[in-house]
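**Q** File target_36.cif follows (mmCIF, C-alpha atoms and all ligand atoms):
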data_start
loop_
_atom_site.label_atom_id
_atom_site.label_comp_id
_atom_site.auth_asym_id
_atom_site.auth_seq_id
_atom_site.Cartn_x
_atom_site.Cartn_y
_atom_site.Cartn_z
CA MET K 160 84.66 92.98 100.60
CA ALA K 161 85.48 89.56 99.15
CA LEU K 162 88.08 87.44 100.93
CA ARG K 163 89.58 84.03 100.29
CA VAL K 164 89.77 81.71 103.28
CA ARG K 165 91.04 78.15 103.75
CA ASN K 166 88.17 76.91 105.91
CA LEU K 167 84.78 78.41 105.14
CA ASP K 168 82.99 77.00 108.20
CA GLU K 169 85.62 78.44 110.54
CA ALA K 170 85.69 81.81 108.78
CA VAL K 171 81.90 82.15 108.87
CA ALA K 172 81.97 81.22 112.57
CA PHE K 173 84.64 83.89 113.20
CA PHE K 174 82.69 86.72 111.56
CA SER K 175 79.40 85.54 113.13
CA ASP K 176 80.93 85.33 116.59
CA VAL K 177 83.24 88.38 116.64
CA LEU K 178 81.26 90.86 114.51
CA LEU K 179 77.80 89.27 114.72
CA LEU K 180 77.53 89.16 110.92
CA GLN K 181 74.63 87.11 109.57
CA GLU K 182 74.90 84.67 106.70
CA THR K 183 72.41 85.49 103.94
CA LEU K 184 73.35 82.62 101.64
CA ARG K 185 75.94 79.89 101.18
CA GLU K 186 76.43 78.19 97.83
CA GLN K 187 79.26 76.80 95.74
CA GLY K 188 81.91 77.32 98.40
CA ARG K 189 80.97 80.94 98.97
CA SER K 190 79.30 82.55 101.95
CA TYR K 191 77.48 85.89 101.67
CA LEU K 192 77.23 87.76 104.97
CA THR K 193 75.60 90.99 106.05
CA CYS K 194 75.17 93.26 109.05
CA ASN K 195 72.23 95.29 107.72
CA ASP K 196 69.49 95.08 105.08
CA ARG K 197 71.90 94.68 102.18
CA HIS K 198 72.17 91.18 100.72
CA HIS K 199 75.88 91.08 101.47
CA GLU K 200 78.67 93.26 102.78
CA LEU K 201 81.19 90.40 102.88
CA ILE K 202 81.84 87.42 100.62
CA LEU K 203 84.00 84.57 101.93
CA ILE K 204 85.35 82.20 99.27
CA GLU K 205 86.84 78.84 100.23
CA GLY K 206 90.10 77.89 98.55
CA PRO K 207 93.67 76.74 99.09
CA LYS K 208 95.14 80.25 99.40
CA GLU K 209 93.89 82.93 101.77
CA GLY K 210 93.92 86.62 100.89
CA CYS K 211 92.03 89.39 99.16
CA ASP K 212 89.84 88.39 96.21
CA HIS K 213 88.30 91.76 95.40
CA ILE K 214 86.90 95.01 96.74
CA GLY K 215 83.32 95.96 95.89
CA LEU K 216 82.38 99.51 94.90
CA GLU K 217 78.75 100.34 94.21
CA VAL K 218 77.72 102.48 91.24
CA GLU K 219 74.26 103.84 90.51
CA GLY K 220 73.31 101.59 87.60
CA PRO K 221 74.28 100.17 84.18
CA GLU K 222 75.05 103.58 82.64
CA ALA K 223 77.23 104.68 85.56
CA LEU K 224 78.99 101.32 85.34
CA GLN K 225 79.94 101.87 81.70
CA GLU K 226 81.07 105.45 82.37
CA THR K 227 83.17 104.38 85.34
CA LEU K 228 84.72 101.45 83.45
CA ALA K 229 85.75 103.75 80.60
CA ALA K 230 87.28 106.26 83.03
CA ALA K 231 88.98 103.49 85.03
CA GLU K 232 90.53 102.04 81.87
CA SER K 233 91.90 105.38 80.72
CA ALA K 234 93.33 105.98 84.22
CA GLY K 235 95.42 102.81 84.24
CA GLY K 236 92.82 100.14 85.08
CA ARG K 237 92.48 96.83 83.26
CA ARG K 238 88.96 95.48 82.59
CA LEU K 239 88.58 91.84 83.62
CA GLY K 240 85.03 91.18 82.39
CA PRO K 241 81.53 90.99 83.79
CA VAL K 242 80.60 89.54 87.16
CA ALA K 243 78.92 86.21 86.49
CA GLY K 244 76.45 84.45 88.74
CA GLU K 245 76.79 86.55 91.90
CA PRO K 246 73.55 86.40 93.89
CA GLY K 247 72.12 89.60 95.38
CA ILE K 248 73.31 92.07 92.74
CA ALA K 249 71.85 93.10 89.37
CA GLY K 250 75.16 93.37 87.53
CA GLY K 251 78.78 94.46 87.58
CA GLU K 252 82.23 94.15 86.12
CA PHE K 253 85.71 93.58 87.50
CA VAL K 254 88.56 96.00 86.94
CA GLU K 255 92.15 95.63 88.11
CA GLY K 256 93.92 98.66 89.53
CA PRO K 257 97.54 99.56 88.74
CA GLY K 258 98.83 97.64 91.79
CA GLY K 259 96.93 94.43 90.96
CA HIS K 260 94.06 94.97 93.42
CA VAL K 261 90.79 93.87 91.83
CA PHE K 262 87.68 96.02 92.18
CA LYS K 263 84.14 94.91 91.47
CA LEU K 264 82.00 97.78 90.20
CA PHE K 265 78.42 96.66 90.77
CA TYR K 266 74.87 97.94 90.98
CA GLY K 267 71.45 96.80 92.18
CA MET K 268 72.18 95.25 95.58
CA GLU K 269 69.15 93.28 96.77
CA SER K 270 67.56 94.08 100.15
CA VAL K 271 67.05 91.39 102.76
CA ALA K 272 65.45 91.26 106.21
CA PRO K 273 68.09 92.76 108.52
CA PRO K 274 69.47 90.81 111.50
CA PRO K 275 67.70 91.46 114.82
CA ASP K 276 68.75 94.58 116.75
CA ASP K 277 72.06 94.25 118.59
CA PRO K 278 71.89 96.29 121.82
CA THR K 279 75.66 95.91 122.39
CA GLY K 280 76.55 97.77 119.20
CA VAL K 281 79.09 95.10 118.27
CA ARG K 282 77.41 94.31 114.96
CA PRO K 283 78.66 96.98 112.52
CA SER K 284 76.11 99.15 110.75
CA ARG K 285 77.99 98.72 107.48
CA PHE K 286 81.21 97.98 105.69
CA GLU K 287 83.32 101.15 105.72
CA HIS K 288 86.70 101.16 104.01
CA VAL K 289 89.79 99.29 102.85
CA SER K 290 93.45 100.13 103.28
CA LEU K 291 95.76 98.93 100.50
CA LYS K 292 99.52 98.45 100.39
CA LEU K 293 101.29 99.44 97.18
CA VAL K 294 104.86 99.40 95.96
CA ASN K 295 104.09 102.42 93.81
CA PRO K 296 101.20 104.56 95.13
CA GLY K 297 101.41 107.23 92.40
CA PRO K 298 99.51 105.38 89.63
CA MET K 299 96.95 104.24 92.20
CA GLU K 300 96.27 107.83 93.25
CA ARG K 301 95.54 108.68 89.61
CA PHE K 302 93.38 105.56 89.18
CA LEU K 303 91.31 106.44 92.27
CA SER K 304 90.83 110.10 91.42
CA GLU K 305 90.55 110.11 87.61
CA GLY K 306 89.30 106.54 87.13
CA LEU K 307 86.94 105.88 90.02
CA GLY K 308 86.02 109.46 90.92
CA PHE K 309 87.35 109.38 94.48
CA GLN K 310 88.22 112.70 96.12
CA PHE K 311 91.30 113.52 98.12
CA SER K 312 90.92 113.49 101.91
CA ASP K 313 94.39 113.56 103.47
CA ARG K 314 97.96 112.42 103.00
CA MET K 315 100.87 111.68 105.27
CA GLY K 316 104.56 112.03 104.52
CA GLY K 317 103.98 113.09 100.91
CA LYS K 318 103.30 109.95 98.86
CA MET K 319 103.82 107.61 101.83
CA ALA K 320 100.09 107.32 102.59
CA SER K 321 96.90 108.95 101.35
CA TRP K 322 93.18 108.74 102.09
CA TRP K 323 90.34 109.07 99.55
CA HIS K 324 86.55 109.36 99.77
CA CYS K 325 83.58 108.67 97.50
CA ASP K 326 80.82 109.60 99.97
CA PRO K 327 80.70 111.68 103.18
CA ASP K 328 83.01 109.29 105.08
CA HIS K 329 86.57 110.66 105.32
CA HIS K 330 87.89 107.58 103.54
CA GLY K 331 86.54 104.67 101.56
CA ILE K 332 90.01 103.72 100.36
CA ALA K 333 93.37 104.41 101.99
CA ILE K 334 96.68 103.57 100.34
CA GLN K 335 100.16 103.29 101.78
CA ARG K 336 103.61 102.74 100.28
CA ALA K 337 104.91 99.25 101.13
CA PRO K 338 107.32 96.58 99.86
CA GLY K 339 104.45 94.60 98.28
CA ASN K 340 100.96 95.03 96.81
CA GLN K 341 98.52 93.72 99.41
CA LEU K 342 95.31 94.30 101.33
CA HIS K 343 96.34 95.71 104.69
CA HIS K 344 92.93 95.92 106.36
CA HIS K 345 89.20 96.13 105.83
CA ALA K 346 87.13 98.27 108.17
CA TRP K 347 83.63 98.20 109.63
CA THR K 348 81.54 100.99 111.17
CA GLN K 349 80.41 100.58 114.75
CA SER K 350 78.37 102.96 116.90
CA ASP K 351 81.01 104.03 119.42
CA LEU K 352 84.22 103.15 121.23
CA ASN K 353 82.30 101.00 123.71
CA ALA K 354 81.36 98.67 120.86
CA GLN K 355 85.05 98.25 120.05
CA GLY K 356 85.67 97.29 123.69
CA MET K 357 82.97 94.65 123.55
CA THR K 358 84.36 93.35 120.26
CA ALA K 359 87.76 93.00 121.95
CA ASP K 360 86.01 91.06 124.77
CA ARG K 361 84.51 88.69 122.20
CA LEU K 362 87.95 88.19 120.64
CA ALA K 363 89.55 87.59 124.05
CA ALA K 364 86.92 84.95 124.79
CA ARG K 365 88.21 83.12 121.69
CA GLY K 366 91.79 83.45 122.93
CA GLN K 367 92.72 86.17 120.45
CA THR K 368 94.14 89.62 121.18
CA LEU K 369 94.19 92.95 119.37
CA HIS K 370 96.99 93.90 117.00
CA TRP K 371 96.57 97.54 117.95
CA GLY K 372 94.23 99.89 119.78
CA PRO K 373 92.00 101.21 121.02
CA GLY K 374 93.06 104.61 119.74
CA ARG K 375 92.09 107.52 117.52
CA HIS K 376 93.71 108.16 114.15
CA GLY K 377 94.82 111.62 113.01
CA PRO K 378 93.72 111.33 109.36
CA GLY K 379 89.97 110.60 109.54
CA ASN K 380 89.81 111.19 113.29
CA ASN K 381 88.25 107.73 113.76
CA HIS K 382 88.45 105.46 116.79
CA PHE K 383 90.09 102.17 115.93
CA ILE K 384 90.91 98.67 117.03
CA TYR K 385 92.69 96.16 114.77
CA PHE K 386 92.80 92.38 114.88
CA LYS K 387 93.67 89.61 112.49
CA GLY K 388 90.93 87.87 110.49
CA PRO K 389 90.73 84.55 108.64
CA SER K 390 91.98 85.95 105.29
CA GLY K 391 95.27 87.09 106.83
CA ALA K 392 94.26 90.76 106.53
CA LEU K 393 93.63 92.91 109.56
CA ILE K 394 90.09 93.86 110.47
CA GLU K 395 89.48 97.38 111.79
CA CYS K 396 86.45 98.35 113.81
CA CYS K 397 85.81 102.09 113.59
CA SER K 398 83.61 104.79 115.01
CA ASP K 399 83.36 108.55 114.74
CA ILE K 400 85.03 108.82 111.33
CA ALA K 401 85.19 112.43 110.08
CA GLN K 402 82.53 113.44 107.57
CA PHE K 403 82.81 115.56 104.47
CA GLY K 404 79.80 117.50 103.25
CA PRO K 405 78.30 120.98 103.39
CA GLU K 406 78.56 121.16 107.21
CA SER K 407 82.08 119.75 107.38
CA THR K 408 84.89 121.72 108.94
CA TYR K 409 87.48 119.00 108.26
CA GLU K 410 90.47 120.33 106.35
CA PRO K 411 92.47 117.95 104.14
CA ARG K 412 96.20 118.28 104.72
CA ASP K 413 99.59 116.60 104.53
CA TRP K 414 100.28 115.17 107.99
CA THR K 415 103.83 114.83 109.22
CA PHE K 416 104.71 111.15 109.41
CA ARG K 417 105.15 110.43 113.12
CA PRO K 418 103.45 108.20 115.70
CA SER K 419 101.42 111.07 117.16
CA SER K 420 99.82 111.67 113.73
CA VAL K 421 98.95 108.03 113.21
CA SER K 422 97.51 107.77 116.73
CA LEU K 423 96.36 110.99 118.41
CA TRP K 424 96.25 109.25 121.78
CA GLY K 425 99.96 108.47 121.64
CA GLY K 426 101.99 105.29 121.73
CA VAL K 427 104.16 103.66 119.11
CA THR K 428 102.65 102.04 116.03
CA PRO K 429 103.31 98.31 116.60
CA PRO K 430 105.45 96.47 114.01
CA ARG K 431 102.80 93.74 113.75
CA PHE K 432 100.39 96.43 112.52
CA ILE K 433 102.88 97.90 110.05
CA LEU K 434 103.95 94.50 108.68
CA ALA K 435 100.43 93.04 108.38
CA GLY K 436 98.91 92.35 104.99
CA ALA K 437 97.09 89.73 102.96
CA PRO K 438 98.12 88.71 99.44
CA LEU K 439 96.00 89.45 96.40
CA VAL K 440 94.53 86.09 95.42
CA ARG K 441 92.12 85.37 92.58
CA GLY K 442 90.53 82.04 91.72
FE FE N 1 91.49 102.00 108.33
#
Let me see the structure of the file written as structure tokens.
Ligand SMILES: [Fe+2]

**A**
Amino acid sequence: MALRVRNLDEAVAFFSDVLLLQETLREQGRSYLTCNDRHHELILIEGPKEGCDHIGLEVEGPEALQETLAAAESAGGRRLGPVAGEPGIAGGEFVEGPGGHVFKLFYGMESVAPPPDDPTGVRPSRFEHVSLKLVNPGPMERFLSEGLGFQFSDRMGGKMASWWHCDPDHHGIAIQRAPGNQLHHHAWTQSDLNAQGMTADRLAARGQTLHWGPGRHGPGNNHFIYFKGPSGALIECCSDIAQFGPESTYEPRDWTFRPSSVSLWGGVTPPRFILAGAPLVRG
């Protein structure tokens, strides 16, 4: 996940303090942070406008990159050229989706010494998924499935929202119909609901409260909390997300759009969750 922030020092401090991310490298106004043995799971880029710079998707290698780029282009994507000078990866190329969201297809992520064990479980094990807002979700569904090879997981209210996976996790990308094209949230995998409670404690100690949660979503079945991060997008901390695979009993379906589908534990979806979103900003 690559985000644009106005104050790099403050943003790095936020992710270090709230999610216990560790900075691998800082150079040229960019900070590369991780929560595991991968060189980076998050890139923070300092600049005048905050928002979403791009979303990283890993492919197997140079051949898979070329195949995926060709498929992405014929499914409505626009190639933006190779990734230049990014530390920690062997190569990649940017492609813009039909709603203007930019994806970085990359391969060859470098390994680093992981941060020390975190007994609280607050530090995520990995980056998990993004949720994107789109004026017109239809072309994006085609781009994800035919262009990037994602598979259908669930939808809600017809074309109102849909969830897509590229590995056993129920969703790597979720999309929802909205008045503008934005990044709604980026999500991180934690061990259990207790870790989300301790993350909320860390936020409260900074004087910040949750936007929503804790709860459990219908589509994906994952525990969630949401809070606002330095890019303007919401951050979700997740656990227990449904898994696809040979053993899976999860059945994709079209959920009725109602609060009890969005949150199995009940309650009304707060307007500040629905209205949240960060602009798409490129340097
Ligand atoms: Fe999510």

**Q** Between atom CA of Leu439 of chain K and atom CA of Val164 of chain K, what is the distance in Å, rounded to a tenth?

**A**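 If I compute the distance from atom CA of Leu439 of chain K to atom CA of Val164 of chain K, I get 12.1 Å.
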
**Q** Can you work out which one of K:Tyr191, K:Trp347, K:Phe311, K:Phe403 has the shortest atom-to-atom distance to ligand FE 1 (chain N), counting only C-alpha atoms and all ligand atoms?

**A**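 Among K:Tyr191, K:Trp347, K:Phe311, K:Phe403, it is K:Trp347 that comes nearest to ligand FE 1 (chain N).
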
**Q** To check your reading of the model: which residues sit at most 10 Å from ligand FE 1 (chain N) when counting all atoms listed in the file? Write the answer as a PyMOL selection string.

**A** chain K and resi 287-291+322+330-334+343-347+376+378-379+381-385+393-397+400

**Q** Would you pick out the contacts of segment 273-280 of chain K at 9 Å or less, using all atoms listed in the file, so that residues sharing its chain but fewer than 3 positions from it are not included, and give the list as a PyMOL selection string?

**A** chain K and resi 179-181+193-198+270+283-284+349-351+353-355+357

**Q** When you count all atoms listed in the file, which of these residues is closest to Arg185 of chain K: K:Cys211, K:Ala337, K:Met319, K:Gly247?

**A**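 Residue with the minimum atom-to-atom distance to Arg185 of chain K: K:Gly247.
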
**Q** Point out the residue among K:Phe302, K:Phe174, K:Phe416, K:Phe253 with the least atom-to-atom distance to Ser390 of chain K, counting only C-alpha atoms.

**A**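 Checking each of K:Phe302, K:Phe174, K:Phe416, K:Phe253 against Ser390 of chain K, counting only C-alpha atoms, the winner is K:Phe174.
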
**Q** In terms of the shortest atom-to-atom distance over all atoms listed in the file, which of K:Ser312, K:Thr428, K:Ser321, K:Gln341 is closest to Glu300 of chain K?

**A** K:Ser321

**Q** Reconstruct N, CA, C and O atoms of segment 236-254 of chain K; output as an mmCIF file, in the frame of the given file.

**A**
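See part20.cif below for the written result:
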data_model
loop_
_atom_site.group_PDB
_atom_site.id
_atom_site.type_symbol
_atom_site.label_atom_id
_atom_site.label_comp_id
_atom_site.auth_asym_id
_atom_site.auth_seq_id
_atom_site.Cartn_x
_atom_site.Cartn_y
_atom_site.Cartn_z
ATOM 1 N N GLY K 236 93.469 101.386 84.674
ATOM 2 C CA GLY K 236 92.820 100.140 85.080
ATOM 3 C C GLY K 236 92.768 99.142 83.921
ATOM 4 O O GLY K 236 92.889 99.520 82.760
ATOM 5 N N ARG K 237 92.598 97.870 84.274
ATOM 6 C CA ARG K 237 92.480 96.830 83.260
ATOM 7 C C ARG K 237 91.147 96.099 83.469
ATOM 8 O O ARG K 237 90.909 95.538 84.546
ATOM 9 N N ARG K 238 90.277 96.127 82.459
ATOM 10 C CA ARG K 238 88.960 95.480 82.590
ATOM 11 C C ARG K 238 89.119 93.970 82.555
ATOM 12 O O ARG K 238 89.815 93.431 81.705
ATOM 13 N N LEU K 239 88.441 93.300 83.503
ATOM 14 C CA LEU K 239 88.580 91.840 83.620
ATOM 15 C C LEU K 239 87.295 91.109 83.241
ATOM 16 O O LEU K 239 87.238 89.892 83.351
ATOM 17 N N GLY K 240 86.252 91.842 82.842
ATOM 18 C CA GLY K 240 85.030 91.180 82.390
ATOM 19 C C GLY K 240 83.916 91.237 83.411
ATOM 20 O O GLY K 240 84.125 91.585 84.580
ATOM 21 N N PRO K 241 82.717 90.867 82.944
ATOM 22 C CA PRO K 241 81.530 90.990 83.790
ATOM 23 C C PRO K 241 81.534 90.014 84.965
ATOM 24 O O PRO K 241 82.170 88.965 84.919
ATOM 25 N N VAL K 242 80.818 90.403 86.006
ATOM 26 C CA VAL K 242 80.600 89.540 87.160
ATOM 27 C C VAL K 242 79.548 88.514 86.749
ATOM 28 O O VAL K 242 78.482 88.898 86.271
ATOM 29 N N ALA K 243 79.863 87.249 86.912
ATOM 30 C CA ALA K 243 78.920 86.210 86.490
ATOM 31 C C ALA K 243 78.391 85.454 87.705
ATOM 32 O O ALA K 243 79.163 85.009 88.554
ATOM 33 N N GLY K 244 77.073 85.352 87.774
ATOM 34 C CA GLY K 244 76.450 84.450 88.740
ATOM 35 C C GLY K 244 76.540 84.862 90.198
ATOM 36 O O GLY K 244 76.408 84.012 91.071
ATOM 37 N N GLU K 245 76.772 86.148 90.480
ATOM 38 C CA GLU K 245 76.790 86.550 91.900
ATOM 39 C C GLU K 245 75.365 86.841 92.362
ATOM 40 O O GLU K 245 74.704 87.730 91.809
ATOM 41 N N PRO K 246 74.897 86.124 93.390
ATOM 42 C CA PRO K 246 73.550 86.400 93.890
ATOM 43 C C PRO K 246 73.498 87.757 94.580
ATOM 44 O O PRO K 246 74.510 88.245 95.088
ATOM 45 N N GLY K 247 72.314 88.382 94.578
ATOM 46 C CA GLY K 247 72.120 89.600 95.380
ATOM 47 C C GLY K 247 72.478 90.892 94.693
ATOM 48 O O GLY K 247 72.285 91.963 95.264
ATOM 49 N N ILE K 248 73.046 90.834 93.479
ATOM 50 C CA ILE K 248 73.310 92.070 92.740
ATOM 51 C C ILE K 248 72.716 91.950 91.329
ATOM 52 O O ILE K 248 72.538 90.837 90.818
ATOM 53 N N ALA K 249 72.456 93.115 90.706
ATOM 54 C CA ALA K 249 71.850 93.100 89.370
ATOM 55 C C ALA K 249 72.910 92.973 88.277
ATOM 56 O O ALA K 249 72.619 92.459 87.189
ATOM 57 N N GLY K 250 74.117 93.464 88.551
ATOM 58 C CA GLY K 250 75.160 93.370 87.530
ATOM 59 C C GLY K 250 76.438 94.031 87.996
ATOM 60 O O GLY K 250 76.458 94.731 89.019
ATOM 61 N N GLY K 251 77.510 93.843 87.222
ATOM 62 C CA GLY K 251 78.780 94.460 87.580
ATOM 63 C C GLY K 251 79.901 93.972 86.704
ATOM 64 O O GLY K 251 79.710 93.088 85.856
ATOM 65 N N GLU K 252 81.052 94.566 86.887
ATOM 66 C CA GLU K 252 82.230 94.150 86.120
ATOM 67 C C GLU K 252 83.472 94.347 86.988
ATOM 68 O O GLU K 252 83.535 95.259 87.810
ATOM 69 N N PHE K 253 84.457 93.483 86.753
ATOM 70 C CA PHE K 253 85.710 93.580 87.500
ATOM 71 C C PHE K 253 86.714 94.456 86.761
ATOM 72 O O PHE K 253 86.787 94.421 85.529
ATOM 73 N N VAL K 254 87.471 95.214 87.525
ATOM 74 C CA VAL K 254 88.560 96.000 86.940
ATOM 75 C C VAL K 254 89.764 95.930 87.882
ATOM 76 O O VAL K 254 89.608 95.986 89.110
#
